[in-house]
Amino acid sequence: MKTLVTDLDGTLVIHGAIDDRTVRILKTFQEKNRLVLATGRDLKSIEKILRKLNMHSGSLILLNGNEYIDLEDGEHIKRKEISQKQAQNIVKELQSWCLQLYVVTHNDHYRWSSLFETLIRLVPIPKLIKILKYKKIYDLPEKIEKIAVLGYWGTSKRIKK
């Protein structure tokens, strides 16, 4: 048995879609081998891809490695969420240095208010437009699985603080 580990966005999924030929190849591969999908996304946001690939075996590495699901034996490992206080510090530090921030909780996605929302609406970048569909929040939820930073132009020193 061979194992193939692959990223989703920009590798298998291009402009939000997975090519039909790629789907056929991966379905055939899964008949005798193990497919592992790795992504920064959460489970909810890849369910459509899993259905398309008819993925019932193999495993998933989600949230940039913070969650692991073995589809064969049901093992599910998830690291502790980001606390509200930690998230507030991150948002406070980064919100002025990026186009958009969004947060992922166990149940949903939310966007943090951005000075650039008007600009984002004018520039048709699909990933950014999609984020504007998320509910806007002003207070962070208690538990957050991921904070996504889009269009960051700060310095690496700022993040390392």
# chains A, B, ... in the order shown; residues from 1 in each chain; ligands from 1
>>> residues_around(residues="Leu140 (chain A)", least_positions_apart="4", cutoff="9 Å", atoms="only C-alpha atoms", output="ChimeraX atom specification")
/A:84-85,87-88,103,112,144
>>> select_by_dssp(residues="chain A", states="helix (DSSP H, G or I)", output="PyMOL selection string")
chain A and resi 20-30+44-53+63-65+84-97+117-122+126-131+156-160
>>> closest_residue(among="A:Ser45, A:Thr22, A:Thr11, A:Asn107", to="Leu62 (chain A)", atoms="only C-alpha atoms")
A:Ser45
>>> residues_around(residues="Tyr152 (chain A)", least_positions_apart="2", cutoff="7 Å", atoms="only C-alpha atoms", output="list in words")
Trp97, Cys98, Leu99, Val149, Leu150 and Gly154 of chain A
>>> residues_around(residues="Ser114 (chain A)", least_positions_apart="5", cutoff="8 Å", atoms="only C-alpha atoms", output="list in words")
Gln95, Leu99, Gln100 and Leu101 of chain A
>>> write_last_selection(atoms="N, CA, C and O atoms", output="PDB file, in the first residue's frame")
ATOM      1  N   GLN A  95      -4.589  43.391  12.985  1.00  0.00           N
ATOM      2  CA  GLN A  95      -5.679  43.942  12.184  1.00  0.00           C
ATOM      3  C   GLN A  95      -5.288  45.146  11.331  1.00  0.00           C
ATOM      4  O   GLN A  95      -5.858  45.376  10.273  1.00  0.00           O
ATOM      5  N   LEU A  99      -5.280  42.771   4.997  1.00  0.00           N
ATOM      6  CA  LEU A  99      -6.533  43.123   4.337  1.00  0.00           C
ATOM      7  C   LEU A  99      -7.737  42.641   5.129  1.00  0.00           C
ATOM      8  O   LEU A  99      -8.711  43.354   5.293  1.00  0.00           O
ATOM      9  N   GLN A 100      -7.667  41.413   5.610  1.00  0.00           N
ATOM     10  CA  GLN A 100      -8.823  40.830   6.275  1.00  0.00           C
ATOM     11  C   GLN A 100      -8.396  39.735   7.245  1.00  0.00           C
ATOM     12  O   GLN A 100      -7.473  38.987   6.970  1.00  0.00           O
ATOM     13  N   LEU A 101      -9.082  39.657   8.367  1.00  0.00           N
ATOM     14  CA  LEU A 101      -8.922  38.576   9.331  1.00  0.00           C
ATOM     15  C   LEU A 101     -10.250  37.848   9.423  1.00  0.00           C
ATOM     16  O   LEU A 101     -11.307  38.465   9.348  1.00  0.00           O
TER      17      LEU A 101
END
>>> closest_residue(among="A:Val5, A:Leu63, A:Phe116, A:Lys52", to="Arg21 (chain A)", atoms="only C-alpha atoms")
A:Lys52
>>> residues_around(residues="Ile82 (chain A)", least_positions_apart="5", cutoff="12 Å", atoms="only C-alpha atoms", output="JSON, numbers by chain")
{"A": [66, 87, 88, 89, 90, 91, 103, 104, 105, 106, 140, 141, 142, 143, 144, 145, 146, 147]}
>>> select_by_dssp(residues="chain A", states="strand (DSSP E)", output="number ranges by chain")
A: 3-7, 13-14, 17-18, 34-38, 59-62, 67-70, 76-78, 82-83, 100-104, 109-112, 135-137, 143-144, 146-150
>>> residues_around(residues="Ile46 (chain A)", least_positions_apart="5", cutoff="10 Å", atoms="only C-alpha atoms", output="PyMOL selection string")
chain A and resi 8+37+39+41+51-52+60+62
>>> write_last_selection(atoms="N, CA, C and O atoms", output="compact mmCIF listing (two decimals), in the first residue's frame")
# COMPACT_ATOMS: atom_id res chain seq x y z
N LEU A 8 -4.41 20.84 -0.44
CA LEU A 8 -5.61 21.11 -1.24
C LEU A 8 -5.48 22.37 -2.07
O LEU A 8 -5.33 22.32 -3.28
N LEU A 37 -5.22 14.11 2.90
CA LEU A 37 -5.37 15.50 2.49
C LEU A 37 -4.91 16.41 3.62
O LEU A 37 -5.31 16.22 4.77
N THR A 39 -4.50 20.49 4.82
CA THR A 39 -5.00 21.82 4.49
C THR A 39 -5.07 22.71 5.72
O THR A 39 -5.10 22.22 6.85
N ARG A 41 -7.67 24.49 6.06
CA ARG A 41 -9.12 24.59 6.24
C ARG A 41 -9.60 23.72 7.40
O ARG A 41 -8.90 22.83 7.86
N ARG A 51 -16.87 14.51 -0.39
CA ARG A 51 -17.95 13.81 -1.09
C ARG A 51 -17.58 13.56 -2.55
O ARG A 51 -17.81 12.47 -3.08
N LYS A 52 -16.98 14.57 -3.18
CA LYS A 52 -16.61 14.43 -4.60
C LYS A 52 -15.57 13.33 -4.78
O LYS A 52 -15.62 12.57 -5.74
N LEU A 60 -7.17 12.97 7.20
CA LEU A 60 -7.20 14.41 6.97
C LEU A 60 -6.31 15.10 7.99
O LEU A 60 -6.36 14.77 9.18
N LEU A 62 -5.99 18.84 9.19
CA LEU A 62 -6.75 20.07 9.04
C LEU A 62 -6.19 21.19 9.91
O LEU A 62 -5.37 20.94 10.80
>>> closest_residue(among="A:Glu67, A:Arg111, A:Pro124, A:Asn33", to="Lys80 (chain A)", atoms="only C-alpha atoms")
A:Glu67
>>> atom_distance(atom1="CA of Tyr68 (chain A)", atom2="CA of Lys2 (chain A)")
19.2 Å
>>> decode(residues="region 32-48 of chain A", atoms="all heavy atoms", output="PDB file, in the first residue's frame")
ATOM      1  N   LYS A  32      -6.637   1.010  -3.713  1.00  0.00           N
ATOM      2  CA  LYS A  32      -5.602   0.132  -3.147  1.00  0.00           C
ATOM      3  C   LYS A  32      -4.599   0.879  -2.282  1.00  0.00           C
ATOM      4  O   LYS A  32      -3.665   0.272  -1.769  1.00  0.00           O
ATOM      5  CB  LYS A  32      -4.845  -0.581  -4.271  1.00  0.00           C
ATOM      6  CG  LYS A  32      -5.711  -1.507  -5.078  1.00  0.00           C
ATOM      7  CD  LYS A  32      -4.926  -2.195  -6.156  1.00  0.00           C
ATOM      8  CE  LYS A  32      -5.849  -3.071  -6.976  1.00  0.00           C
ATOM      9  NZ  LYS A  32      -5.156  -3.654  -8.114  1.00  0.00           N
ATOM     10  N   ASN A  33      -4.771   2.182  -2.146  1.00  0.00           N
ATOM     11  CA  ASN A  33      -3.774   3.003  -1.455  1.00  0.00           C
ATOM     12  C   ASN A  33      -4.442   3.969  -0.483  1.00  0.00           C
ATOM     13  O   ASN A  33      -5.660   4.043  -0.400  1.00  0.00           O
ATOM     14  CB  ASN A  33      -2.945   3.780  -2.484  1.00  0.00           C
ATOM     15  CG  ASN A  33      -2.242   2.859  -3.452  1.00  0.00           C
ATOM     16  OD1 ASN A  33      -1.310   2.165  -3.086  1.00  0.00           O
ATOM     17  ND2 ASN A  33      -2.723   2.813  -4.684  1.00  0.00           N
ATOM     18  N   ARG A  34      -3.615   4.713   0.205  1.00  0.00           N
ATOM     19  CA  ARG A  34      -4.084   5.638   1.246  1.00  0.00           C
ATOM     20  C   ARG A  34      -3.861   7.083   0.788  1.00  0.00           C
ATOM     21  O   ARG A  34      -2.751   7.467   0.442  1.00  0.00           O
ATOM     22  CB  ARG A  34      -3.296   5.357   2.519  1.00  0.00           C
ATOM     23  CG  ARG A  34      -3.687   6.176   3.701  1.00  0.00           C
ATOM     24  CD  ARG A  34      -2.905   5.655   4.929  1.00  0.00           C
ATOM     25  NE  ARG A  34      -3.039   6.524   6.056  1.00  0.00           N
ATOM     26  CZ  ARG A  34      -4.069   6.517   6.892  1.00  0.00           C
ATOM     27  NH1 ARG A  34      -5.049   5.675   6.716  1.00  0.00           N
ATOM     28  NH2 ARG A  34      -4.111   7.355   7.907  1.00  0.00           N
ATOM     29  N   LEU A  35      -4.930   7.877   0.813  1.00  0.00           N
ATOM     30  CA  LEU A  35      -4.866   9.294   0.457  1.00  0.00           C
ATOM     31  C   LEU A  35      -4.986  10.122   1.729  1.00  0.00           C
ATOM     32  O   LEU A  35      -5.884   9.902   2.536  1.00  0.00           O
ATOM     33  CB  LEU A  35      -6.004   9.654  -0.511  1.00  0.00           C
ATOM     34  CG  LEU A  35      -6.123  11.119  -0.916  1.00  0.00           C
ATOM     35  CD1 LEU A  35      -4.871  11.585  -1.669  1.00  0.00           C
ATOM     36  CD2 LEU A  35      -7.372  11.335  -1.774  1.00  0.00           C
ATOM     37  N   VAL A  36      -4.072  11.072   1.901  1.00  0.00           N
ATOM     38  CA  VAL A  36      -4.094  11.977   3.039  1.00  0.00           C
ATOM     39  C   VAL A  36      -4.176  13.398   2.490  1.00  0.00           C
ATOM     40  O   VAL A  36      -3.323  13.813   1.715  1.00  0.00           O
ATOM     41  CB  VAL A  36      -2.823  11.826   3.914  1.00  0.00           C
ATOM     42  CG1 VAL A  36      -2.846  12.808   5.073  1.00  0.00           C
ATOM     43  CG2 VAL A  36      -2.665  10.388   4.402  1.00  0.00           C
ATOM     44  N   LEU A  37      -5.221  14.111   2.902  1.00  0.00           N
ATOM     45  CA  LEU A  37      -5.374  15.502   2.492  1.00  0.00           C
ATOM     46  C   LEU A  37      -4.911  16.406   3.621  1.00  0.00           C
ATOM     47  O   LEU A  37      -5.314  16.224   4.773  1.00  0.00           O
ATOM     48  CB  LEU A  37      -6.836  15.810   2.165  1.00  0.00           C
ATOM     49  CG  LEU A  37      -7.469  14.993   1.041  1.00  0.00           C
ATOM     50  CD1 LEU A  37      -8.922  15.405   0.843  1.00  0.00           C
ATOM     51  CD2 LEU A  37      -6.687  15.140  -0.253  1.00  0.00           C
ATOM     52  N   ALA A  38      -4.078  17.372   3.294  1.00  0.00           N
ATOM     53  CA  ALA A  38      -3.563  18.327   4.283  1.00  0.00           C
ATOM     54  C   ALA A  38      -3.985  19.722   3.854  1.00  0.00           C
ATOM     55  O   ALA A  38      -3.853  20.095   2.686  1.00  0.00           O
ATOM     56  CB  ALA A  38      -2.043  18.233   4.364  1.00  0.00           C
ATOM     57  N   THR A  39      -4.505  20.494   4.824  1.00  0.00           N
ATOM     58  CA  THR A  39      -5.002  21.822   4.487  1.00  0.00           C
ATOM     59  C   THR A  39      -5.072  22.712   5.718  1.00  0.00           C
ATOM     60  O   THR A  39      -5.100  22.215   6.849  1.00  0.00           O
ATOM     61  CB  THR A  39      -6.406  21.726   3.826  1.00  0.00           C
ATOM     62  OG1 THR A  39      -6.839  23.030   3.466  1.00  0.00           O
ATOM     63  CG2 THR A  39      -7.412  21.072   4.741  1.00  0.00           C
ATOM     64  N   GLY A  40      -5.124  23.982   5.499  1.00  0.00           N
ATOM     65  CA  GLY A  40      -5.349  24.925   6.586  1.00  0.00           C
ATOM     66  C   GLY A  40      -6.831  25.075   6.889  1.00  0.00           C
ATOM     67  O   GLY A  40      -7.220  25.686   7.870  1.00  0.00           O
ATOM     68  N   ARG A  41      -7.667  24.492   6.056  1.00  0.00           N
ATOM     69  CA  ARG A  41      -9.116  24.593   6.236  1.00  0.00           C
ATOM     70  C   ARG A  41      -9.602  23.717   7.397  1.00  0.00           C
ATOM     71  O   ARG A  41      -8.898  22.832   7.857  1.00  0.00           O
ATOM     72  CB  ARG A  41      -9.839  24.129   4.975  1.00  0.00           C
ATOM     73  CG  ARG A  41      -9.572  24.937   3.738  1.00  0.00           C
ATOM     74  CD  ARG A  41     -10.504  24.441   2.678  1.00  0.00           C
ATOM     75  NE  ARG A  41     -10.160  24.836   1.338  1.00  0.00           N
ATOM     76  CZ  ARG A  41     -11.012  24.725   0.332  1.00  0.00           C
ATOM     77  NH1 ARG A  41     -12.223  24.246   0.529  1.00  0.00           N
ATOM     78  NH2 ARG A  41     -10.653  25.086  -0.875  1.00  0.00           N
ATOM     79  N   ASP A  42     -10.853  23.943   7.785  1.00  0.00           N
ATOM     80  CA  ASP A  42     -11.502  23.095   8.776  1.00  0.00           C
ATOM     81  C   ASP A  42     -12.343  22.046   8.049  1.00  0.00           C
ATOM     82  O   ASP A  42     -12.523  22.111   6.833  1.00  0.00           O
ATOM     83  CB  ASP A  42     -12.362  23.924   9.741  1.00  0.00           C
ATOM     84  CG  ASP A  42     -13.505  24.636   9.043  1.00  0.00           C
ATOM     85  OD1 ASP A  42     -13.309  25.109   7.906  1.00  0.00           O
ATOM     86  OD2 ASP A  42     -14.588  24.715   9.633  1.00  0.00           O
ATOM     87  N   LEU A  43     -12.853  21.077   8.799  1.00  0.00           N
ATOM     88  CA  LEU A  43     -13.613  19.975   8.206  1.00  0.00           C
ATOM     89  C   LEU A  43     -14.836  20.462   7.434  1.00  0.00           C
ATOM     90  O   LEU A  43     -15.108  19.996   6.330  1.00  0.00           O
ATOM     91  CB  LEU A  43     -14.031  18.972   9.300  1.00  0.00           C
ATOM     92  CG  LEU A  43     -14.798  17.752   8.824  1.00  0.00           C
ATOM     93  CD1 LEU A  43     -13.976  16.940   7.835  1.00  0.00           C
ATOM     94  CD2 LEU A  43     -15.189  16.886  10.017  1.00  0.00           C
ATOM     95  N   LYS A  44     -15.554  21.399   8.003  1.00  0.00           N
ATOM     96  CA  LYS A  44     -16.776  21.903   7.365  1.00  0.00           C
ATOM     97  C   LYS A  44     -16.492  22.440   5.959  1.00  0.00           C
ATOM     98  O   LYS A  44     -17.279  22.236   5.045  1.00  0.00           O
ATOM     99  CB  LYS A  44     -17.394  22.991   8.243  1.00  0.00           C
ATOM    100  CG  LYS A  44     -18.682  23.557   7.717  1.00  0.00           C
ATOM    101  CD  LYS A  44     -19.235  24.595   8.670  1.00  0.00           C
ATOM    102  CE  LYS A  44     -20.488  25.226   8.123  1.00  0.00           C
ATOM    103  NZ  LYS A  44     -21.008  26.245   9.026  1.00  0.00           N
ATOM    104  N   SER A  45     -15.361  23.103   5.790  1.00  0.00           N
ATOM    105  CA  SER A  45     -15.081  23.746   4.505  1.00  0.00           C
ATOM    106  C   SER A  45     -14.546  22.782   3.439  1.00  0.00           C
ATOM    107  O   SER A  45     -14.403  23.179   2.285  1.00  0.00           O
ATOM    108  CB  SER A  45     -14.125  24.921   4.685  1.00  0.00           C
ATOM    109  OG  SER A  45     -12.859  24.469   5.051  1.00  0.00           O
ATOM    110  N   ILE A  46     -14.277  21.521   3.793  1.00  0.00           N
ATOM    111  CA  ILE A  46     -13.825  20.561   2.766  1.00  0.00           C
ATOM    112  C   ILE A  46     -14.810  19.413   2.565  1.00  0.00           C
ATOM    113  O   ILE A  46     -14.528  18.495   1.801  1.00  0.00           O
ATOM    114  CB  ILE A  46     -12.412  20.007   3.066  1.00  0.00           C
ATOM    115  CG1 ILE A  46     -12.402  19.145   4.319  1.00  0.00           C
ATOM    116  CG2 ILE A  46     -11.382  21.110   3.122  1.00  0.00           C
ATOM    117  CD1 ILE A  46     -11.168  18.270   4.418  1.00  0.00           C
ATOM    118  N   GLU A  47     -15.956  19.462   3.215  1.00  0.00           N
ATOM    119  CA  GLU A  47     -16.935  18.364   3.091  1.00  0.00           C
ATOM    120  C   GLU A  47     -17.332  18.099   1.642  1.00  0.00           C
ATOM    121  O   GLU A  47     -17.460  16.954   1.216  1.00  0.00           O
ATOM    122  CB  GLU A  47     -18.169  18.665   3.937  1.00  0.00           C
ATOM    123  CG  GLU A  47     -17.907  18.493   5.413  1.00  0.00           C
ATOM    124  CD  GLU A  47     -19.070  18.910   6.298  1.00  0.00           C
ATOM    125  OE1 GLU A  47     -19.970  19.667   5.819  1.00  0.00           O
ATOM    126  OE2 GLU A  47     -19.083  18.482   7.452  1.00  0.00           O
ATOM    127  N   LYS A  48     -17.507  19.149   0.859  1.00  0.00           N
ATOM    128  CA  LYS A  48     -17.884  19.001  -0.554  1.00  0.00           C
ATOM    129  C   LYS A  48     -16.791  18.240  -1.326  1.00  0.00           C
ATOM    130  O   LYS A  48     -17.091  17.365  -2.139  1.00  0.00           O
ATOM    131  CB  LYS A  48     -18.112  20.392  -1.147  1.00  0.00           C
ATOM    132  CG  LYS A  48     -18.581  20.415  -2.563  1.00  0.00           C
ATOM    133  CD  LYS A  48     -18.913  21.849  -2.956  1.00  0.00           C
ATOM    134  CE  LYS A  48     -18.600  22.106  -4.389  1.00  0.00           C
ATOM    135  NZ  LYS A  48     -18.821  23.493  -4.781  1.00  0.00           N
TER     136      LYS A  48
END
